[in-house]
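Printed here is input-v5.txt (compact mmCIF, C-alpha atoms and all ligand atoms):
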# COMPACT_ATOMS: atom_id res chain seq x y z
CA MET A 22 13.03 -30.29 -16.77
CA ARG A 23 11.57 -30.68 -20.25
CA ARG A 24 9.14 -33.48 -19.25
CA LEU A 25 6.83 -30.85 -17.72
CA ARG A 26 7.01 -28.55 -20.73
CA ARG A 27 5.85 -30.91 -23.47
CA THR A 28 2.18 -29.94 -23.82
CA GLU A 29 0.13 -26.87 -23.01
CA ALA A 30 -1.95 -28.99 -20.60
CA MET A 31 1.21 -29.97 -18.73
CA ARG A 32 2.55 -26.40 -18.72
CA SER A 33 -0.76 -25.09 -17.47
CA LEU A 34 -0.74 -27.56 -14.58
CA VAL A 35 2.63 -26.40 -13.27
CA ARG A 36 2.30 -22.67 -14.03
CA GLU A 37 3.30 -20.59 -11.01
CA THR A 38 1.92 -17.15 -11.85
CA HIS A 39 -1.46 -16.27 -13.29
CA LEU A 40 -3.05 -13.19 -14.78
CA HIS A 41 -6.72 -12.46 -14.47
CA PRO A 42 -8.75 -9.48 -15.66
CA GLY A 43 -10.00 -8.75 -12.13
CA ALA A 44 -6.48 -7.73 -11.14
CA LEU A 45 -6.16 -5.16 -13.94
CA ILE A 46 -7.02 -1.49 -13.59
CA TYR A 47 -7.66 0.74 -16.58
CA PRO A 48 -6.82 4.48 -16.46
CA LEU A 49 -9.30 6.98 -17.93
CA PHE A 50 -8.60 10.62 -18.83
CA LEU A 51 -11.73 12.72 -18.43
CA VAL A 52 -12.25 15.98 -20.32
CA PRO A 53 -15.12 18.52 -20.37
CA GLY A 54 -17.73 18.38 -23.10
CA GLU A 55 -19.92 15.75 -24.69
CA GLY A 56 -19.17 13.12 -27.30
CA VAL A 57 -15.42 13.77 -27.00
CA ARG A 58 -13.16 10.84 -27.87
CA LYS A 59 -9.73 12.15 -28.78
CA GLU A 60 -6.87 9.71 -29.24
CA ILE A 61 -3.58 10.48 -27.50
CA SER A 62 -0.99 10.57 -30.26
CA SER A 63 1.75 8.77 -28.33
CA MET A 64 -0.63 6.16 -26.86
CA PRO A 65 -2.54 4.29 -29.58
CA GLY A 66 -5.94 3.11 -28.34
CA VAL A 67 -6.01 5.49 -25.35
CA PHE A 68 -8.34 8.50 -25.44
CA ASN A 69 -9.31 11.72 -23.72
CA LEU A 70 -12.98 11.07 -22.99
CA SER A 71 -15.90 13.27 -22.03
CA VAL A 72 -17.97 11.85 -19.17
CA ASP A 73 -20.61 10.29 -21.46
CA GLU A 74 -17.91 8.52 -23.48
CA ALA A 75 -16.11 7.46 -20.30
CA VAL A 76 -19.28 5.72 -19.13
CA LYS A 77 -19.32 3.71 -22.38
CA GLU A 78 -15.64 2.84 -21.96
CA ALA A 79 -16.31 1.78 -18.37
CA GLU A 80 -19.16 -0.48 -19.50
CA ALA A 81 -16.78 -2.16 -21.95
CA CYS A 82 -14.30 -2.69 -19.09
CA ALA A 83 -16.98 -4.15 -16.82
CA ALA A 84 -18.09 -6.53 -19.57
CA LEU A 85 -14.50 -7.78 -19.86
CA GLY A 86 -14.32 -8.46 -16.11
CA ILE A 87 -11.67 -5.81 -15.47
CA GLY A 88 -11.17 -5.03 -11.79
CA GLY A 89 -11.31 -1.26 -11.75
CA LEU A 90 -10.70 2.16 -13.22
CA LEU A 91 -8.24 4.89 -12.28
CA LEU A 92 -9.54 8.38 -13.04
CA PHE A 93 -7.56 11.43 -14.12
CA GLY A 94 -9.02 14.76 -15.20
CA LEU A 95 -8.18 17.62 -17.55
CA PRO A 96 -9.99 20.68 -16.19
CA GLU A 97 -11.46 23.55 -18.21
CA LYS A 98 -9.17 26.03 -16.44
CA LYS A 99 -5.94 25.73 -14.45
CA ASP A 100 -4.70 28.06 -11.70
CA GLU A 101 -2.14 28.16 -8.87
CA GLN A 102 -4.44 26.60 -6.26
CA ALA A 103 -5.48 23.60 -8.36
CA THR A 104 -9.13 24.61 -7.90
CA GLY A 105 -10.30 22.06 -10.46
CA ALA A 106 -8.90 19.22 -8.33
CA TRP A 107 -11.13 19.86 -5.30
CA ALA A 108 -14.11 21.75 -6.76
CA ALA A 109 -17.42 19.97 -6.13
CA ASP A 110 -18.16 20.17 -9.86
CA GLY A 111 -14.61 19.27 -10.95
CA ILE A 112 -14.29 17.06 -14.00
CA VAL A 113 -13.38 13.89 -12.07
CA GLN A 114 -16.13 14.59 -9.52
CA GLN A 115 -18.63 14.80 -12.43
CA GLY A 116 -17.24 11.58 -13.84
CA LEU A 117 -17.51 9.79 -10.51
CA ARG A 118 -21.17 10.76 -10.10
CA ALA A 119 -21.98 9.48 -13.59
CA LEU A 120 -20.07 6.22 -13.14
CA LYS A 121 -21.50 5.58 -9.70
CA CYS A 122 -25.13 5.83 -10.80
CA ASP A 123 -24.74 3.21 -13.55
CA ARG A 124 -25.59 -0.20 -12.03
CA LYS A 125 -23.85 -2.00 -14.93
CA LEU A 126 -20.59 -0.75 -13.42
CA ASP A 127 -21.02 -2.20 -9.93
CA SER A 128 -18.27 -4.77 -10.55
CA LEU A 129 -15.68 -2.01 -11.08
CA VAL A 130 -13.69 -0.45 -8.24
CA VAL A 131 -13.44 3.23 -9.14
CA ILE A 132 -10.17 4.76 -7.97
CA ALA A 133 -9.59 8.51 -8.09
CA ASP A 134 -6.00 9.62 -8.59
CA VAL A 135 -5.28 12.46 -6.17
CA CYS A 136 -2.79 14.95 -7.54
CA LEU A 137 -2.60 18.63 -8.34
CA CYS A 138 -0.42 18.70 -11.47
CA GLU A 139 -3.25 18.47 -14.00
CA TYR A 140 -5.00 21.40 -12.28
CA MET A 141 -2.03 23.71 -11.67
CA SER A 142 -1.15 26.32 -14.32
CA HIS A 143 2.55 25.54 -13.71
CA GLY A 144 2.05 21.75 -13.92
CA HIS A 145 3.75 20.85 -10.61
CA CYS A 146 2.17 18.41 -8.17
CA GLY A 147 2.18 20.94 -5.34
CA VAL A 148 1.96 24.62 -4.46
CA VAL A 149 4.84 26.66 -5.91
CA ALA A 150 6.45 29.43 -3.85
CA ARG A 151 8.54 31.76 -6.02
CA ASP A 152 11.32 34.12 -5.03
CA GLY A 153 12.78 35.73 -8.14
CA ASP A 154 14.31 32.95 -10.24
CA HIS A 155 14.19 30.51 -7.36
CA TYR A 156 11.18 28.35 -6.65
CA GLU A 157 10.21 25.68 -4.14
CA ILE A 158 7.38 23.18 -4.11
CA GLU A 159 5.84 23.76 -0.68
CA ASN A 160 5.08 20.61 1.23
CA ASP A 161 2.48 21.39 3.86
CA SER A 162 0.31 23.80 1.87
CA SER A 163 0.25 21.17 -0.89
CA VAL A 164 -0.76 18.49 1.59
CA ALA A 165 -3.68 20.65 2.74
CA LEU A 166 -4.97 20.93 -0.85
CA LEU A 167 -4.45 17.21 -1.44
CA ALA A 168 -6.46 16.29 1.66
CA LYS A 169 -9.24 18.58 0.52
CA THR A 170 -9.12 16.96 -2.93
CA ALA A 171 -9.32 13.46 -1.45
CA VAL A 172 -12.43 14.39 0.55
CA SER A 173 -14.08 15.96 -2.47
CA LEU A 174 -13.39 12.89 -4.64
CA ALA A 175 -14.63 10.51 -1.94
CA GLN A 176 -17.78 12.60 -1.53
CA ALA A 177 -18.37 12.36 -5.27
CA GLY A 178 -18.26 8.56 -4.96
CA ALA A 179 -14.65 7.36 -5.35
CA ASP A 180 -14.30 3.83 -3.94
CA ILE A 181 -10.60 4.43 -3.28
CA VAL A 182 -8.43 7.57 -3.28
CA ALA A 183 -4.91 7.25 -4.64
CA PRO A 184 -2.42 10.05 -3.88
CA SER A 185 0.32 10.25 -6.55
CA ASP A 186 1.92 13.56 -5.58
CA MET A 187 4.81 12.32 -3.34
CA MET A 188 4.52 15.10 -0.74
CA ASP A 189 5.50 14.06 2.79
CA GLY A 190 2.70 13.36 5.25
CA ARG A 191 -0.13 13.31 2.69
CA VAL A 192 -1.47 9.89 3.69
CA GLU A 193 -1.85 10.86 7.34
CA ALA A 194 -3.50 14.16 6.40
CA MET A 195 -5.89 12.43 3.99
CA ARG A 196 -6.88 9.76 6.49
CA ALA A 197 -7.58 12.44 9.10
CA ALA A 198 -9.58 14.54 6.62
CA LEU A 199 -11.64 11.57 5.40
CA ASP A 200 -12.37 10.47 8.98
CA ALA A 201 -13.25 14.00 10.08
CA ALA A 202 -15.63 14.52 7.17
CA LYS A 203 -18.22 12.34 8.91
CA CYS A 204 -18.74 15.07 11.51
CA GLU A 205 -19.83 17.47 8.80
CA ALA A 206 -23.07 17.28 6.87
CA THR A 207 -21.76 14.61 4.52
CA PRO A 208 -22.03 10.83 4.41
CA SER A 209 -19.25 9.13 6.36
CA LEU A 210 -15.99 8.68 4.48
CA GLU A 211 -14.32 6.50 7.10
CA HIS A 212 -14.69 3.44 4.91
CA VAL A 213 -12.79 4.89 1.93
CA PRO A 214 -9.36 3.22 1.59
CA ILE A 215 -6.17 4.99 0.59
CA LEU A 216 -4.02 3.44 -2.12
CA SER A 217 -0.81 5.41 -1.88
CA TYR A 218 1.65 5.67 -4.72
CA ALA A 219 4.29 4.97 -2.09
CA SER A 220 7.32 4.50 -4.27
CA LYS A 221 7.05 6.68 -7.30
CA PHE A 222 10.25 7.43 -9.14
CA ALA A 223 11.04 10.60 -11.11
CA SER A 224 10.86 8.80 -14.44
CA ALA A 225 11.26 9.62 -18.12
CA PHE A 226 8.67 6.91 -18.73
CA TYR A 227 5.87 9.33 -17.72
CA GLY A 228 6.42 11.35 -20.92
CA PRO A 229 3.33 10.26 -22.88
CA PHE A 230 1.08 10.66 -19.80
CA ARG A 231 1.97 14.33 -19.67
CA GLU A 232 0.45 14.67 -23.15
CA ALA A 233 -2.60 12.62 -22.12
CA ALA A 234 -3.16 14.59 -18.91
CA ASP A 235 -1.71 17.91 -20.13
CA SER A 236 0.39 18.01 -16.96
CA ALA A 237 3.99 18.70 -18.00
CA PRO A 238 5.74 21.06 -15.56
CA GLN A 239 6.18 24.48 -17.20
CA PHE A 240 9.60 24.91 -15.50
CA GLY A 241 11.97 22.65 -13.59
CA ASP A 242 11.21 18.98 -13.01
CA ARG A 243 9.72 16.69 -10.38
CA ARG A 244 12.98 15.52 -8.79
CA SER A 245 12.45 17.41 -5.53
CA TYR A 246 9.40 15.28 -4.74
CA GLN A 247 9.51 12.07 -6.80
CA MET A 248 12.21 9.54 -5.96
CA ASP A 249 15.67 9.12 -7.45
CA GLY A 250 15.66 6.03 -9.66
CA ALA A 251 18.87 4.80 -8.04
CA ASN A 252 17.34 4.23 -4.60
CA LEU A 253 15.84 0.94 -3.47
CA ARG A 254 16.29 1.38 0.30
CA GLU A 255 14.64 4.78 0.13
CA ALA A 256 11.67 3.18 -1.63
CA MET A 257 11.26 0.84 1.35
CA ARG A 258 11.31 3.84 3.72
CA GLU A 259 8.60 5.54 1.65
CA ILE A 260 6.44 2.42 1.89
CA ASP A 261 7.13 2.10 5.64
CA GLN A 262 6.02 5.66 6.25
CA ASP A 263 2.90 5.42 4.12
CA ILE A 264 1.77 2.23 5.86
CA ALA A 265 2.45 3.83 9.26
CA GLU A 266 0.38 6.86 8.20
CA GLY A 267 -2.56 4.64 7.33
CA ALA A 268 -2.24 3.57 3.70
CA ASP A 269 -4.41 0.49 3.08
CA MET A 270 -2.54 -0.51 -0.07
CA VAL A 271 0.54 0.71 -1.91
CA LEU A 272 1.31 1.28 -5.55
CA MET A 273 4.74 1.23 -7.16
CA LYS A 274 5.65 2.89 -10.41
CA PRO A 275 6.97 2.59 -13.05
CA ALA A 276 6.76 -1.20 -13.24
CA MET A 277 9.09 -2.91 -15.74
CA PRO A 278 12.20 -0.78 -15.08
CA TYR A 279 11.65 -1.25 -11.31
CA LEU A 280 10.74 -4.94 -10.94
CA ASP A 281 13.40 -5.31 -8.24
CA VAL A 282 11.61 -2.70 -6.15
CA ILE A 283 8.33 -4.60 -6.47
CA ARG A 284 10.02 -7.85 -5.46
CA ALA A 285 11.77 -6.27 -2.45
CA ALA A 286 8.52 -4.67 -1.29
CA ARG A 287 6.63 -7.94 -1.72
CA GLU A 288 9.09 -9.76 0.51
CA ARG A 289 8.94 -7.10 3.17
CA TYR A 290 5.30 -6.02 3.46
CA ASP A 291 2.00 -7.84 3.69
CA VAL A 292 -0.32 -5.06 2.48
CA PRO A 293 -1.90 -5.46 -0.95
CA MET A 294 0.39 -4.03 -3.62
CA GLY A 295 -0.13 -2.76 -7.09
CA ALA A 296 2.26 -1.75 -9.82
CA TYR A 297 1.64 0.87 -12.50
CA GLN A 298 2.79 -0.05 -15.98
CA VAL A 299 3.10 3.58 -17.01
CA SER A 300 2.48 5.43 -20.24
CA GLY A 301 6.06 5.18 -21.57
CA GLU A 302 6.11 1.41 -21.04
CA TYR A 303 2.93 1.17 -23.10
CA SER A 304 4.13 3.59 -25.80
CA MET A 305 7.48 1.92 -26.33
CA LEU A 306 5.85 -1.46 -26.80
CA HIS A 307 3.33 0.05 -29.22
CA ALA A 308 6.12 1.72 -31.18
CA ALA A 309 7.71 -1.70 -31.64
CA PHE A 310 4.34 -3.29 -32.54
CA ALA A 311 3.78 -0.62 -35.20
CA ARG A 312 7.09 -1.53 -36.85
CA GLY A 313 6.38 -5.22 -36.69
CA TRP A 314 9.38 -5.65 -34.39
CA LEU A 315 7.48 -7.34 -31.55
CA GLU A 316 4.47 -9.63 -31.53
CA PRO A 317 1.75 -7.54 -29.81
CA GLU A 318 -0.25 -10.12 -27.88
CA ARG A 319 2.62 -12.22 -26.60
CA THR A 320 4.75 -9.23 -25.66
CA MET A 321 1.88 -7.53 -23.84
CA MET A 322 1.05 -10.66 -21.84
CA GLU A 323 4.69 -11.32 -21.01
CA SER A 324 5.15 -7.74 -19.78
CA LEU A 325 2.13 -8.09 -17.48
CA LEU A 326 3.19 -11.52 -16.25
CA SER A 327 6.65 -10.19 -15.33
CA ILE A 328 5.03 -7.58 -13.10
CA ARG A 329 2.83 -10.17 -11.38
CA ARG A 330 5.76 -12.54 -10.97
CA ALA A 331 7.78 -9.74 -9.34
CA GLY A 332 5.04 -9.66 -6.71
CA ALA A 333 2.34 -7.16 -7.65
CA ASP A 334 -1.20 -8.23 -6.71
CA PHE A 335 -2.76 -5.91 -9.27
CA ILE A 336 -1.58 -3.87 -12.23
CA VAL A 337 -2.64 -0.47 -13.48
CA THR A 338 -2.17 -0.73 -17.23
CA TYR A 339 -3.27 0.86 -20.49
CA PHE A 340 -3.35 -2.71 -21.82
CA ALA A 341 -6.17 -3.69 -19.42
CA LYS A 342 -8.85 -4.01 -22.10
CA ASP A 343 -6.60 -5.78 -24.61
CA ALA A 344 -5.35 -8.19 -21.97
CA GLY A 345 -8.92 -8.67 -20.70
CA ARG A 346 -9.91 -9.76 -24.22
CA VAL A 347 -7.04 -12.25 -24.39
CA LEU A 348 -7.86 -13.66 -20.96
CA GLY A 349 -11.64 -13.58 -21.63
C1 LIG B 401 0.39 12.62 -11.56
C2 LIG B 401 0.68 11.33 -12.22
C3 LIG B 401 1.60 11.03 -13.24
C4 LIG B 401 1.39 9.70 -13.58
C5 LIG B 401 0.39 9.22 -12.75
N1 LIG B 401 -0.02 10.23 -11.90
C6 LIG B 401 2.54 11.90 -13.96
C7 LIG B 401 3.73 12.44 -13.29
O1 LIG B 401 3.99 12.21 -12.12
O2 LIG B 401 4.43 13.20 -13.97
C8 LIG B 401 2.11 8.94 -14.67
C9 LIG B 401 1.35 7.81 -15.24
C10 LIG B 401 1.82 7.35 -16.57
O3 LIG B 401 2.89 7.75 -17.07
O4 LIG B 401 1.11 6.54 -17.16
N2 LIG B 401 1.34 13.15 -10.73
The structure in this file should be written as structure tokens.
Ligand code: PBG
Amino acid sequence: MRRLRRTEAMRSLVRETHLHPGALIYPLFLVPGEGVRKEISSMPGVFNLSVDEAVKEAEACAALGIGGLLLFGLPEKKDEQATGAWAADGIVQQGLRALKCDRKLDSLVVIADVCLCEYMSHGHCGVVARDGDHYEIENDSSVALLAKTAVSLAQAGADIVAPSDMMDGRVEAMRAALDAAKCEATPSLEHVPILSYASKFASAFYGPFREAADSAPQFGDRRSYQMDGANLREAMREIDQDIAEGADMVLMKPAMPYLDVIRAARERYDVPMGAYQVSGEYSMLHAAFARGWLEPERTMMESLLSIRRAGADFIVTYFAKDAGRVLG
């Protein structure tokens, strides 16, 4: 075996898996204001950005050949109907309009995350019905708000909408709402694809994101809608349903602790698939880099390669710019 490992030229010739910047997607966290660039304490190098700063960040991504952006928003005000998620002048809608009128960004696919948690005062991804101490996350009323949000984001210019809420039936409702929007006085939205976060596990690895997006649930947890980390077969059923409902692509998350799920999905489905290397995966590597315990560049590239080798076509990662520089 060692004959083909002797030189880098030889290794390069027989390499089975490749990384390229066009298959990396960089998440951005948009906040109101101007000139805002606030670092997230648990995620070195990742910032809350006002729209003007986000445009600069996007230009840097485009210059590195990165494939796309995934947008999240922190609204001015939160309420129990997630108004900021679907308002025409919502923070992500403002960001989309700014990004879409900058021709230097034409090479980037701009994906809008569709969820309610950042916009809900209670921090859950759906509508909460309370009865004394007991509460439920309502499915169908949440789906109605999510469909409305997807239409609003697509109208503002999102190239792709990406539901991350894990309510049942949201993909079908979103497809119907996007297709119906053409009958109203708006440009047709029939062409807008849905990237569904089809298998999203209730994970401790989302911890740092909840600081970045200010979206921690104020009570309870997300286990009644996100998946149990023990279940691989259930993940396949989630993907089945989302494809049947009209998802054009699927996303799996987290990535590194769930590489077996990515591999199983790759063997079973032919739709394009992405994996999300989530905030906690990024933070734990950075914590080790800061202590000098791991070599940053090699560890980062190996983590991304493992996700590609498992079968993901593209990767959402906070390392997108750093990896883009290495691959440049
Ligand atoms: C919104 C959402 C979350 C993430 C992506 N979309 C948080 C959550 O579900 O709690 C996590 C991403 C990350 O950790 O980087 N529902």
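The interatomic distance for the pair atom C8 of ligand LIG 401 (chain B) and atom CA of A:Met277 works out to 13.8 Å.
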- Query: If you measure from atom CA of A:Leu167 to atom CA of A:Leu117, what distance in Å do you get, rounded to one decimal?
  - Reply: 17.5 Å
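Residue nearest ligand LIG 401 (chain B), chosen from A:Arg244, A:Arg346, A:Arg32, A:Arg329 and counting all atoms listed in the file: A:Arg244.
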- Item | Residue with smallest distance to A:Gly89 - pool A:Leu129, A:Val148, A:Ala256, A:Met270, counting all atoms listed in the file | A:Leu129
Please write out the residues within 9 Å of ligand LIG 401 (chain B) as a compact mmCIF listing (two decimals) with C-alpha atoms, in the frame of the given file, counting all atoms listed in the file.
# COMPACT_ATOMS: atom_id res chain seq x y z
CA PRO A 48 -6.82 4.48 -16.46
CA PHE A 93 -7.56 11.43 -14.12
CA ASP A 134 -6.00 9.62 -8.59
CA VAL A 135 -5.28 12.46 -6.17
CA CYS A 136 -2.79 14.95 -7.54
CA LEU A 137 -2.60 18.63 -8.34
CA CYS A 138 -0.42 18.70 -11.47
CA GLU A 139 -3.25 18.47 -14.00
CA GLY A 144 2.05 21.75 -13.92
CA HIS A 145 3.75 20.85 -10.61
CA CYS A 146 2.17 18.41 -8.17
CA PRO A 184 -2.42 10.05 -3.88
CA SER A 185 0.32 10.25 -6.55
CA ASP A 186 1.92 13.56 -5.58
CA MET A 187 4.81 12.32 -3.34
CA TYR A 218 1.65 5.67 -4.72
CA LYS A 221 7.05 6.68 -7.30
CA PHE A 222 10.25 7.43 -9.14
CA ALA A 223 11.04 10.60 -11.11
CA SER A 224 10.86 8.80 -14.44
CA ALA A 225 11.26 9.62 -18.12
CA PHE A 226 8.67 6.91 -18.73
CA TYR A 227 5.87 9.33 -17.72
CA GLY A 228 6.42 11.35 -20.92
CA PRO A 229 3.33 10.26 -22.88
CA PHE A 230 1.08 10.66 -19.80
CA ARG A 231 1.97 14.33 -19.67
CA ALA A 233 -2.60 12.62 -22.12
CA ALA A 234 -3.16 14.59 -18.91
CA SER A 236 0.39 18.01 -16.96
CA ALA A 237 3.99 18.70 -18.00
CA PRO A 238 5.74 21.06 -15.56
CA ASP A 242 11.21 18.98 -13.01
CA ARG A 243 9.72 16.69 -10.38
CA GLN A 247 9.51 12.07 -6.80
CA LYS A 274 5.65 2.89 -10.41
CA PRO A 275 6.97 2.59 -13.05
CA TYR A 297 1.64 0.87 -12.50
CA GLN A 298 2.79 -0.05 -15.98
CA VAL A 299 3.10 3.58 -17.01
CA SER A 300 2.48 5.43 -20.24
CA GLY A 301 6.06 5.18 -21.57
CA GLU A 302 6.11 1.41 -21.04
CA TYR A 303 2.93 1.17 -23.10
CA VAL A 337 -2.64 -0.47 -13.48
CA THR A 338 -2.17 -0.73 -17.23
CA TYR A 339 -3.27 0.86 -20.49
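Minimum atom-to-atom distances from A:Thr38, A:Ser173, A:Thr320, A:Gln102 to A:Arg118 were compared using only C-alpha atoms, and the lowest value belongs to A:Ser173.
Nearest-residue note for A:Gly241: choosing from A:Met31, A:Ile158, A:Ile328, A:Met195, the minimum distance belongs to A:Ile158, counting all atoms listed in the file.
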- Task: Identify which of the residues A:Arg58, A:Thr104, A:Glu211, A:Leu45 lies closest to A:Gly295, counting all atoms listed in the file when measuring atom-to-atom distances.
- Result: A:Leu45
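The coordinates place atom CA of A:Gly86 at 9.3 Å from atom CA of A:Lys342.
Excluding A:Leu120 and any residue on its chain fewer than 3 positions from it, the residues at most 10 Å away by only C-alpha atoms are A:Val72, A:Asp73, A:Ala75, A:Val76, A:Lys77, A:Ala79, A:Glu80, A:Gln114, A:Gln115, A:Gly116, A:Leu117, A:Asp123, A:Arg124, A:Lys125, A:Leu126, A:Asp127, A:Leu129, A:Val131, A:Gly178, A:Ala179.
Among the candidates A:Met322, A:Ala285, A:Ala197, A:Ile260, the residue lying nearest to A:Val172 is A:Ala197 (atoms considered: all atoms listed in the file).
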- Message: With 9 Å as the threshold, what does the neighbourhood of (-8.6, 22.2, -13.0) contain in terms of residues, counting all atoms listed in the file? Coordinates are those of the file; answer as JSON, numbers by chain.
- Response: {"A": [94, 95, 96, 97, 98, 99, 100, 103, 104, 105, 106, 107, 108, 111, 112, 137, 139, 140, 141, 142]}
Would you output that residue set with C-alpha atoms, as an mmCIF file, in the frame of the given file?
data_model
loop_
_atom_site.group_PDB
_atom_site.id
_atom_site.type_symbol
_atom_site.label_atom_id
_atom_site.label_comp_id
_atom_site.auth_asym_id
_atom_site.auth_seq_id
_atom_site.Cartn_x
_atom_site.Cartn_y
_atom_site.Cartn_z
ATOM 1 C CA GLY A 94 -9.020 14.760 -15.200
ATOM 2 C CA LEU A 95 -8.180 17.620 -17.550
ATOM 3 C CA PRO A 96 -9.990 20.680 -16.190
ATOM 4 C CA GLU A 97 -11.460 23.550 -18.210
ATOM 5 C CA LYS A 98 -9.170 26.030 -16.440
ATOM 6 C CA LYS A 99 -5.940 25.730 -14.450
ATOM 7 C CA ASP A 100 -4.700 28.060 -11.700
ATOM 8 C CA ALA A 103 -5.480 23.600 -8.360
ATOM 9 C CA THR A 104 -9.130 24.610 -7.900
ATOM 10 C CA GLY A 105 -10.300 22.060 -10.460
ATOM 11 C CA ALA A 106 -8.900 19.220 -8.330
ATOM 12 C CA TRP A 107 -11.130 19.860 -5.300
ATOM 13 C CA ALA A 108 -14.110 21.750 -6.760
ATOM 14 C CA GLY A 111 -14.610 19.270 -10.950
ATOM 15 C CA ILE A 112 -14.290 17.060 -14.000
ATOM 16 C CA LEU A 137 -2.600 18.630 -8.340
ATOM 17 C CA GLU A 139 -3.250 18.470 -14.000
ATOM 18 C CA TYR A 140 -5.000 21.400 -12.280
ATOM 19 C CA MET A 141 -2.030 23.710 -11.670
ATOM 20 C CA SER A 142 -1.150 26.320 -14.320
#
- Which residues, written as an NGL selection string, have at least one atom at most 8 Å from A:Met257, with only C-alpha atoms counted and residues fewer than 3 positions away on the same chain left out? :A and (220 or 253-254 or 260-261 or 286)
- Message: Please list as number ranges by chain every residue within 8 Å of A:Ile181, counting all atoms listed in the file and excluding residues in the same chain fewer than 2 positions away.
- Response: A: 130-133, 175, 179, 183, 213-216
Would you output stretch 71-84 of chain A from that structure, restricted to N, CA and C atoms, as a PDB file, in the first residue's frame?
ATOM      1  N   SER A  71     -24.334  43.953  11.241  1.00  0.00           N
ATOM      2  CA  SER A  71     -25.412  44.751  10.654  1.00  0.00           C
ATOM      3  C   SER A  71     -25.355  44.531   9.139  1.00  0.00           C
ATOM      4  N   VAL A  72     -26.420  44.928   8.447  1.00  0.00           N
ATOM      5  CA  VAL A  72     -26.528  44.603   7.016  1.00  0.00           C
ATOM      6  C   VAL A  72     -25.332  45.138   6.215  1.00  0.00           C
ATOM      7  N   ASP A  73     -24.900  46.375   6.519  1.00  0.00           N
ATOM      8  CA  ASP A  73     -23.764  46.937   5.762  1.00  0.00           C
ATOM      9  C   ASP A  73     -22.499  46.106   5.955  1.00  0.00           C
ATOM     10  N   GLU A  74     -22.286  45.633   7.199  1.00  0.00           N
ATOM     11  CA  GLU A  74     -21.101  44.801   7.467  1.00  0.00           C
ATOM     12  C   GLU A  74     -21.258  43.409   6.835  1.00  0.00           C
ATOM     13  N   ALA A  75     -22.486  42.923   6.810  1.00  0.00           N
ATOM     14  CA  ALA A  75     -22.733  41.603   6.211  1.00  0.00           C
ATOM     15  C   ALA A  75     -22.410  41.634   4.719  1.00  0.00           C
ATOM     16  N   VAL A  76     -22.698  42.759   4.072  1.00  0.00           N
ATOM     17  CA  VAL A  76     -22.380  42.869   2.643  1.00  0.00           C
ATOM     18  C   VAL A  76     -20.863  42.759   2.440  1.00  0.00           C
ATOM     19  N   LYS A  77     -20.099  43.410   3.336  1.00  0.00           N
ATOM     20  CA  LYS A  77     -18.630  43.315   3.224  1.00  0.00           C
ATOM     21  C   LYS A  77     -18.163  41.865   3.429  1.00  0.00           C
ATOM     22  N   GLU A  78     -18.748  41.219   4.434  1.00  0.00           N
ATOM     23  CA  GLU A  78     -18.389  39.821   4.717  1.00  0.00           C
ATOM     24  C   GLU A  78     -18.720  38.942   3.499  1.00  0.00           C
ATOM     25  N   ALA A  79     -19.875  39.215   2.898  1.00  0.00           N
ATOM     26  CA  ALA A  79     -20.299  38.432   1.734  1.00  0.00           C
ATOM     27  C   ALA A  79     -19.332  38.640   0.573  1.00  0.00           C
ATOM     28  N   GLU A  80     -18.865  39.867   0.414  1.00  0.00           N
ATOM     29  CA  GLU A  80     -17.905  40.135  -0.681  1.00  0.00           C
ATOM     30  C   GLU A  80     -16.616  39.358  -0.456  1.00  0.00           C
ATOM     31  N   ALA A  81     -16.197  39.266   0.809  1.00  0.00           N
ATOM     32  CA  ALA A  81     -14.988  38.480   1.118  1.00  0.00           C
ATOM     33  C   ALA A  81     -15.226  37.007   0.777  1.00  0.00           C
ATOM     34  N   CYS A  82     -16.421  36.517   1.072  1.00  0.00           N
ATOM     35  CA  CYS A  82     -16.754  35.112   0.754  1.00  0.00           C
ATOM     36  C   CYS A  82     -16.746  34.882  -0.757  1.00  0.00           C
ATOM     37  N   ALA A  83     -17.345  35.817  -1.491  1.00  0.00           N
ATOM     38  CA  ALA A  83     -17.404  35.665  -2.953  1.00  0.00           C
ATOM     39  C   ALA A  83     -15.990  35.656  -3.531  1.00  0.00           C
ATOM     40  N   ALA A  84     -15.131  36.530  -2.995  1.00  0.00           N
ATOM     41  CA  ALA A  84     -13.752  36.600  -3.502  1.00  0.00           C
ATOM     42  C   ALA A  84     -12.997  35.296  -3.248  1.00  0.00           C
TER      43      ALA A  84
END
